[in-house]
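J.: The following block contains the structure, expressed as structure tokens.
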Amino acid sequence: MDLLEVQALSFAVGDRKILERLDLALAEGEIHALLGANGTGKTTLACLVMGCAGYVPDAGEIRFRGRRLNDLPLHERARLGITLAWQEPARIEGLSVRGYLSLGSARTDPAACLARVGLEPGAYLERTVDKTLSGGQRKRVELASILALKPALAILDEPAAGIDMLSIGEIAEVIHGFTRDGTTLLLITHQQEIARVADRASYLCGGRIVMTGSPQAVAQRYQTRRCRVCDGQVCRDGTTG
Amino acid sequence: MERQDDLLRALYTVYGDAGTLLDPRTAHLVVEGCDVLSRQEIPGVEIRAEPHDEALIAEVRVADGARVTSPIHTCVGILGVQGAQRIRLRLVLGRESSASLLAHCLFPNAEAARHVMEAEIEVGEGAELHYSEGHYHGTSGGVEVYPRARVRVGPHARYLADFSLLTGRVGRLMLDYTIEAAAHAVVEINARVFGHGSDEIRLRDEVILAGEEARGLVRTRVAVEDEASAEVVGVTHGRAAGARGHMDCLELVRDRARARAEPIVDVSHPLAKVTHEAAVGTVDQKQLETLMAHGLAPEEAVDVIITGILR
């Protein structure tokens with residue numbers, strides 16, 4: 001049984017179909033990269049799997065270890081071992097980095113998690129996860145918080161966004177390290193340096209997965225796509241992707 | 001002595017630092033109703049207090065150049081179920097002096113009590129005052145509190161103030177502070193209040209940046225739930241060259257509570273600048289979901305967010 005099974009998932013906003021009968025399966029322990037042009041529904045898929053407010057499938061099933069998630073609230077999905085690191089993590093006034101890395105079911109030493117993402121624990125543990133952190137620092141703290149949680153499934157939405165180019169390889173190494181903790185990853189990314197660490201990749205176009213294969217093969221297909229911004233209607237059958 | 005012990009017990013319950021107050025190296029003034037229960041001076045700090053016309057007239061004076069290392073404590077309150085207290089406080093920091101003043105205002109058992117504080121504070125040239133005022137009004141919601149202060153901050157002086165009422169009910173709180181900053185003075189005010197039930201909160205902080213290069217920052221954090229209401233009025237005047245002021249107000253609203261923010265910027269010198277930001281609304285959905293994605297239940301996530309903004 002796959003850890004995550006998404007079957008015939010459809011979701012629309014008004015008349016605009018974002019996802020249409022999308023299928024995706026993640027095996028336990030794998031890193032699965034998801035590529036797609038802007039507006040193609042990658043973040044929507046992440047929010048549907050996590051159960052964010054306003055994201056209820058119009059049709060289809062989301063199953064985690066065989067259990068149907070569709071009607072489960074977000075925090076109960078988190079307690080099953082699913083988490084999501086947003087592309088732009090929320091900033092929370094007055095909450096220390098130490099406190100943030102100790103939330104909920106976190107059971108790993110916060111200092112060790114910070115060190116793994118390249119942040120000096122002594123300099124960051126007592127800082128707050130508010131606007132005093134730069135975008136890149138906040139992203140690293142978010143990755144550290146996922147390391148602290150040791151979830152069964154983590155969805156990382158553009159984990160290297162806001163990270164300087166010289167550190168991309170370092171972040172790729174951090175992502176690869178998740179699997180040592182037993183975490184399965186769904187990796188939403190535009191960056192090949194990040195996608196390269198995946199075991200498999202899928203290409204999302206026009207609301208559907210149009211290709212699944214090796215990261216290299218999928219990246220090749222993605223790079224030669226014709227659409228830069230998905231408008232759904234044009235490439236709905238995937239042939240122009 | 002018994003009343004003092006009761007007041008200190010209440011202080012210990014709320015803040016856990018009653019022992020510090022009784023330290024012989026600490027200046028203090030303990031008042032219940034209009035009666036002075038205890039008064040202690042230390043070198044460099046004079047404290048006078050006496051009742052007059054149903055009010056207590058008190059003066060705390062820090063000598064020129066004195067560097068007071070232990071915080072000065074004032075502990076005022078009403079222990080009974082009912083009562084009224086009116087205090088006129090004059091606090092003077094001499095030139096180049098520095099001190100911290102911890103003001104504890106305790107009404108642990110009150111069901112119908114009224115407290116009026118009229119303070120005049122002078123921070124002399126080059127002096128620095130950390131003024132921290134913590135309130136506990138019990139759990140009945142029957143306390144009315146009117147803290148008013150007029151503060152003059154001298155040239156190159158610093159006035160850093162913190163007001164907090166985070167535990168128990170608020171009742172009715174009508175805070176009204178006006179602070180005038182001379183040249184190169186620095187004013188920083190933080191106010192944090194959590195209202196429940198039918199609590200009524202009104203905070204008015206007015207900062208007058210009267211001198212060149214004066215600096216002012218007013219930061220207000222209020223959370224209201226149930227049927228509580230809050231109104232925050234921040235006024236900053238920029239009246240001199242290089243004066244810089246900022247007001248930052250955040251109010252969180254839950255249930256049927258109501259909140260209002262009114263920032264007023266008044267600049268009358270072309271080289272002065274005053275900015276403001278105000279946000280009033282419910283708990284941010286993305287913050288909530290971020291915390292829930294870490295396994296917190298919705299109510300736990302709301303607690304973390306409210307605790308954070310009031311910290």
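Numbering starts fresh at 1 for the residues of each chain in the structure tokens, the chains themselves are lettered A, B, ... in the order given, and ligands are numbered from 1 as they appear.
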Residues of chain A that approach chain B to 8 Å or less, counting only C-alpha atoms: could you list each one with the shortest pair of atoms and its distance in Å to one decimal, rows by chain and increasing residue number, as CSV?

T.:
residue,atom,partner,partner_atom,distance
A:Met50,CA,B:Ala293,CA,7.8
A:Cys52,CA,B:Glu289,CA,7.0
A:Leu74,CA,B:Met292,CA,6.6
A:His75,CA,B:Met292,CA,4.8
A:Glu76,CA,B:Gly295,CA,7.2
A:Arg77,CA,B:Ala293,CA,8.0
A:Ala78,CA,B:Gly295,CA,5.0
A:Arg79,CA,B:Gly295,CA,5.3
A:Ile82,CA,B:Ala293,CA,7.6
A:Thr83,CA,B:Ala293,CA,5.2
A:Leu84,CA,B:Ala293,CA,6.3
A:Ala85,CA,B:Thr290,CA,7.9
A:Pro89,CA,B:Thr290,CA,7.5
A:Ala90,CA,B:Gln287,CA,5.3
A:Arg91,CA,B:Gln287,CA,7.0
A:Ile92,CA,B:Gln287,CA,6.6
A:Glu93,CA,B:Gly308,CA,5.4
A:Gly94,CA,B:Gly308,CA,3.9
A:Leu95,CA,B:Gly308,CA,5.4
A:Leu103,CA,B:His294,CA,6.4
A:Gly104,CA,B:Gly295,CA,4.9
A:Ser105,CA,B:Gly295,CA,6.4
A:Ala106,CA,B:His294,CA,7.9
A:Leu149,CA,B:His294,CA,7.3

J.: For the selection just defined, write its residues with N, CA, C and O atoms to a file, as a short mmCIF file (atom, residue, chain, number, x, y, z; two decimals), in the first residue's frame.

T.:
data_model
loop_
_atom_site.label_atom_id
_atom_site.label_comp_id
_atom_site.auth_asym_id
_atom_site.auth_seq_id
_atom_site.Cartn_x
_atom_site.Cartn_y
_atom_site.Cartn_z
N MET A 50 -3.49 18.61 2.86
CA MET A 50 -3.36 19.04 4.26
C MET A 50 -4.72 19.34 4.88
O MET A 50 -4.89 19.24 6.09
N CYS A 52 -6.54 22.40 4.31
CA CYS A 52 -6.63 23.82 4.67
C CYS A 52 -8.05 24.34 4.46
O CYS A 52 -8.82 23.77 3.67
N LEU A 74 -7.75 19.66 9.56
CA LEU A 74 -6.30 19.82 9.35
C LEU A 74 -5.48 19.29 10.53
O LEU A 74 -4.53 18.53 10.32
N HIS A 75 -5.85 19.66 11.75
CA HIS A 75 -4.99 19.28 12.88
C HIS A 75 -5.02 17.77 13.12
O HIS A 75 -4.06 17.20 13.62
N GLU A 76 -6.13 17.14 12.73
CA GLU A 76 -6.17 15.68 12.90
C GLU A 76 -5.32 14.99 11.84
O GLU A 76 -4.70 13.95 12.10
N ARG A 77 -5.25 15.59 10.64
CA ARG A 77 -4.34 15.05 9.63
C ARG A 77 -2.89 15.20 10.14
O ARG A 77 -2.06 14.32 9.95
N ALA A 78 -2.61 16.38 10.78
CA ALA A 78 -1.26 16.60 11.32
C ALA A 78 -0.94 15.54 12.38
O ALA A 78 0.19 15.05 12.44
N ARG A 79 -1.94 15.18 13.18
CA ARG A 79 -1.68 14.20 14.23
C ARG A 79 -1.51 12.79 13.68
O ARG A 79 -0.98 11.91 14.37
N ILE A 82 1.00 14.04 9.02
CA ILE A 82 1.14 14.82 7.78
C ILE A 82 1.41 16.27 8.16
O ILE A 82 0.78 16.80 9.08
N THR A 83 2.33 16.91 7.48
CA THR A 83 2.52 18.34 7.71
C THR A 83 2.83 19.04 6.41
O THR A 83 3.18 18.41 5.40
N LEU A 84 2.69 20.34 6.43
CA LEU A 84 2.91 21.17 5.24
C LEU A 84 3.77 22.36 5.62
O LEU A 84 3.48 23.06 6.60
N ALA A 85 4.83 22.58 4.84
CA ALA A 85 5.63 23.80 5.00
C ALA A 85 5.27 24.71 3.85
O ALA A 85 5.58 24.42 2.69
N PRO A 89 6.12 30.94 4.86
CA PRO A 89 5.67 30.53 6.20
C PRO A 89 5.10 31.72 6.98
O PRO A 89 5.58 32.85 6.83
N ALA A 90 4.10 31.44 7.78
CA ALA A 90 3.50 32.50 8.61
C ALA A 90 4.51 32.99 9.63
O ALA A 90 5.37 32.25 10.09
N ARG A 91 4.37 34.25 9.96
CA ARG A 91 5.21 34.85 11.02
C ARG A 91 4.33 35.05 12.25
O ARG A 91 3.22 35.56 12.13
N ILE A 92 4.80 34.62 13.36
CA ILE A 92 3.96 34.62 14.56
C ILE A 92 4.65 35.42 15.66
O ILE A 92 5.70 35.03 16.16
N GLU A 93 4.06 36.55 15.97
CA GLU A 93 4.64 37.47 16.93
C GLU A 93 4.75 36.83 18.31
O GLU A 93 3.83 36.15 18.77
N GLY A 94 5.88 37.04 18.96
CA GLY A 94 6.04 36.62 20.35
C GLY A 94 6.34 35.14 20.54
O GLY A 94 6.54 34.71 21.67
N LEU A 95 6.38 34.36 19.47
CA LEU A 95 6.67 32.93 19.60
C LEU A 95 8.15 32.71 19.28
O LEU A 95 8.62 33.02 18.19
N LEU A 103 6.63 22.70 19.28
CA LEU A 103 5.17 22.63 19.22
C LEU A 103 4.67 21.21 19.02
O LEU A 103 5.34 20.39 18.40
N GLY A 104 3.46 20.98 19.49
CA GLY A 104 2.75 19.75 19.18
C GLY A 104 3.53 18.51 19.52
O GLY A 104 3.98 18.32 20.64
N SER A 105 3.70 17.69 18.51
CA SER A 105 4.32 16.39 18.76
C SER A 105 5.82 16.42 18.51
O SER A 105 6.46 15.37 18.41
N ALA A 106 6.42 17.62 18.39
CA ALA A 106 7.86 17.70 18.13
C ALA A 106 8.63 16.98 19.23
O ALA A 106 8.35 17.17 20.40
N LEU A 149 9.52 17.78 14.01
CA LEU A 149 8.27 17.01 14.07
C LEU A 149 8.46 15.55 13.70
O LEU A 149 7.72 14.68 14.16
#

J.: For B:Thr20, please output as a list in words all residues within 9 Å (counting only C-alpha atoms; exclusion window: fewer than 6 positions along the same chain).

T.: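 My list of contacting residues is Thr26, Ser70, Pro71 and His73 of chain B.
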
J.: In terms of the shortest atom-to-atom distance over only C-alpha atoms, which of B:Leu166, B:Val193, B:Val92, B:Leu102 is closest to B:Arg152?

T.: B:Val92

J.: Could you check which of A:Leu147, A:Val49, A:Val218, A:Met1 is closest to A:Asp199, using only C-alpha atoms?

T.: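 Using only C-alpha atoms, A:Asp199 sits closest to A:Val218.
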
J.: Could you state the separation of atom CA of B:Gln82 and atom CA of B:Leu7 in Å, given to one decimal place?

T.: 15.1 Å

J.: Near A:Asp58, counting only C-alpha atoms, which residues have an atom at most 10 Å away, once you skip same-chain residues fewer than 2 positions from it, shown as an MDAnalysis selection string?

T.: chainID A and resid 9:13 19:21 55:56 60:61

J.: Using only C-alpha atoms, which residue out of A:Leu48, A:Ala172, A:Val210, A:Leu4 lies closest to A:Arg67?

T.: A:Leu4

J.: From the DSSP assignment of the backbone, select every residue of stretch 127-181 of chain A that is strand (DSSP E), and format the answer as a PyMOL selection string.

T.: chain A and resi 153-157

J.: Using only C-alpha atoms, please write the residues we just selected to a file, as a short mmCIF file (atom, residue, chain, number, x, y, z; two decimals), in the first residue's frame.

T.:
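Result saved to again-v1.cif:
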data_model
loop_
_atom_site.label_atom_id
_atom_site.label_comp_id
_atom_site.auth_asym_id
_atom_site.auth_seq_id
_atom_site.Cartn_x
_atom_site.Cartn_y
_atom_site.Cartn_z
CA LEU A 153 4.70 12.80 5.30
CA ALA A 154 5.92 16.35 4.79
CA ILE A 155 4.79 18.51 1.91
CA LEU A 156 7.43 21.14 1.23
CA ASP A 157 6.17 23.96 -1.01
#

J.: Can you pull out every residue within 8 Å of stretch 179-187 of chain A, counting only C-alpha atoms, but drop anything in the same chain fewer than 2 positions away, and send it as a list in words?

T.: Leu26, Ala27, Glu28, Gly29, Glu30, Ile31, His32, Ala33, Leu34, Lys150, Pro151, Ala152, Leu153, Ala154, Ile155, Leu156, Asp157, Glu158, Pro159, Ile175, His176, Gly177, Thr189, Ala195 and Ala198 of chain A

J.: Just how far from atom CA of B:Arg158 is atom CA of B:Ile179, in Å to one decimal?

T.: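 Between these atoms lies a distance of 11.5 Å.
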
J.: Apply DSSP to the structure's backbone, then extract all residues of stretch 1-217 of chain B labelled helix (DSSP H, G or I) and return them as a ChimeraX atom specification.

T.: /B:2-15,18-21

J.: I need the residues from that last selection saved to file as a PDB file, in the first residue's frame (with C-alpha atoms), if you can.

T.:
ATOM      1  CA  GLU B   2      -1.973  41.829  58.367  1.00  0.00           C
ATOM      2  CA  ARG B   3      -3.217  43.922  55.455  1.00  0.00           C
ATOM      3  CA  GLN B   4       0.321  44.233  54.098  1.00  0.00           C
ATOM      4  CA  ASP B   5       0.753  40.480  54.287  1.00  0.00           C
ATOM      5  CA  ASP B   6      -2.527  40.023  52.409  1.00  0.00           C
ATOM      6  CA  LEU B   7      -1.456  42.474  49.719  1.00  0.00           C
ATOM      7  CA  LEU B   8       1.924  40.841  49.385  1.00  0.00           C
ATOM      8  CA  ARG B   9       0.271  37.446  49.220  1.00  0.00           C
ATOM      9  CA  ALA B  10      -1.848  38.755  46.340  1.00  0.00           C
ATOM     10  CA  LEU B  11       1.268  40.164  44.727  1.00  0.00           C
ATOM     11  CA  TYR B  12       3.058  36.858  45.117  1.00  0.00           C
ATOM     12  CA  THR B  13       0.099  35.015  43.601  1.00  0.00           C
ATOM     13  CA  VAL B  14       0.083  37.243  40.547  1.00  0.00           C
ATOM     14  CA  TYR B  15       3.763  38.054  40.034  1.00  0.00           C
ATOM     15  CA  ALA B  18       6.896  39.769  46.649  1.00  0.00           C
ATOM     16  CA  GLY B  19      10.175  38.747  48.254  1.00  0.00           C
ATOM     17  CA  THR B  20      12.068  41.226  46.095  1.00  0.00           C
ATOM     18  CA  LEU B  21       9.859  44.027  47.355  1.00  0.00           C
TER      19      LEU B  21
END

J.: Atom CA of B:Ser164 and atom CA of B:Asp35, how far apart in Å?

T.: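 Going from atom CA of B:Asp35 over to atom CA of B:Ser164, I get 24.6 Å.
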
J.: Could you name the residues that touch A:Glu170 at 12 Å or less, counting only C-alpha atoms, but leaving out those on the same chain fewer than 5 positions away, as a compact mmCIF listing (two decimals) with N, CA and C atoms, in the first residue's frame?

T.:
# COMPACT_ATOMS: atom_id res chain seq x y z
N ALA A 115 20.81 23.47 13.78
CA ALA A 115 22.15 23.24 13.25
C ALA A 115 22.08 22.52 11.90
N ARG A 116 21.12 21.59 11.76
CA ARG A 116 21.01 20.84 10.50
C ARG A 116 20.61 21.74 9.33
N VAL A 117 19.91 22.84 9.61
CA VAL A 117 19.53 23.74 8.50
C VAL A 117 20.47 24.92 8.38
N GLY A 118 21.61 24.85 9.07
CA GLY A 118 22.64 25.87 8.90
C GLY A 118 22.44 27.11 9.74
N LEU A 119 21.63 27.04 10.79
CA LEU A 119 21.46 28.19 11.68
C LEU A 119 22.13 27.89 13.02
N ARG A 140 14.42 28.57 6.65
CA ARG A 140 15.27 27.58 7.32
C ARG A 140 14.65 27.14 8.64
N PRO A 159 10.72 24.72 -1.02
CA PRO A 159 11.53 24.83 0.20
C PRO A 159 12.75 25.73 0.07
N ALA A 160 13.19 25.97 -1.16
CA ALA A 160 14.40 26.79 -1.31
C ALA A 160 14.08 28.22 -1.76
N ILE A 163 16.05 31.37 -0.48
CA ILE A 163 17.37 30.93 -0.02
C ILE A 163 18.39 31.37 -1.07
N ASP A 164 19.53 31.91 -0.64
CA ASP A 164 20.52 32.39 -1.61
C ASP A 164 21.06 31.22 -2.43
N MET A 165 21.45 31.53 -3.67
CA MET A 165 21.85 30.49 -4.62
C MET A 165 22.99 29.61 -4.09
N ILE A 175 17.11 18.36 2.73
CA ILE A 175 15.92 17.66 2.26
C ILE A 175 16.20 16.16 2.13
N HIS A 176 17.36 15.85 1.61
CA HIS A 176 17.73 14.45 1.48
C HIS A 176 17.77 13.77 2.85
N GLY A 177 18.19 14.56 3.86
CA GLY A 177 18.31 14.02 5.22
C GLY A 177 16.98 13.65 5.85
N GLU A 193 18.05 21.87 -8.91
CA GLU A 193 19.02 21.45 -7.88
C GLU A 193 18.29 20.78 -6.72
N ILE A 194 17.08 21.23 -6.47
CA ILE A 194 16.29 20.65 -5.39
C ILE A 194 15.60 19.36 -5.88
N VAL A 197 17.25 15.75 -5.86
CA VAL A 197 17.37 14.84 -4.71
C VAL A 197 16.20 13.86 -4.65

J.: Counting only C-alpha atoms, figure out which residue out of B:Val207, B:Ile42, B:Val283, B:Ala182 gets nearest to B:Gly154.

T.: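 Answer, going by the shortest atom-to-atom distance: B:Ala182.
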
J.: Looking at B:Ala99, B:Leu93, B:Ala230, B:Val45, which one is nearest to B:Arg254, with distances taken over only C-alpha atoms?

T.: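 Closest to B:Arg254 of all the choices is B:Ala230.
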
J.: Residues near B:Arg256, anyone? I mean within 8 Å using only C-alpha atoms, not counting same-chain ones fewer than 5 positions away, as a VMD selection string.

T.: chain B and resid 225 to 228

J.: Excluding B:Val81 and its own-chain neighbours fewer than 4 positions away, which residues fall within 8 Å of it when counting only C-alpha atoms? Please give them as a compact mmCIF listing (two decimals) with N, CA, C and O atoms, in the first residue's frame.

T.:
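Now in part.txt:
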# COMPACT_ATOMS: atom_id res chain seq x y z
N ASN B 109 -9.80 40.86 45.35
CA ASN B 109 -11.12 40.39 45.80
C ASN B 109 -12.25 41.33 45.40
O ASN B 109 -13.41 41.10 45.76
N ALA B 110 -11.91 42.39 44.69
CA ALA B 110 -12.88 43.47 44.48
C ALA B 110 -14.03 43.04 43.58
O ALA B 110 -13.84 42.38 42.57
N GLU B 111 -15.22 43.46 43.99
CA GLU B 111 -16.41 43.26 43.16
C GLU B 111 -16.98 44.60 42.71
O GLU B 111 -17.69 44.68 41.73
N ALA B 112 -16.69 45.64 43.49
CA ALA B 112 -17.12 46.99 43.13
C ALA B 112 -16.09 47.96 43.69
O ALA B 112 -16.25 48.48 44.79
N ALA B 113 -15.03 48.17 42.96
CA ALA B 113 -13.96 49.04 43.44
C ALA B 113 -13.56 50.02 42.34
O ALA B 113 -13.72 49.73 41.15
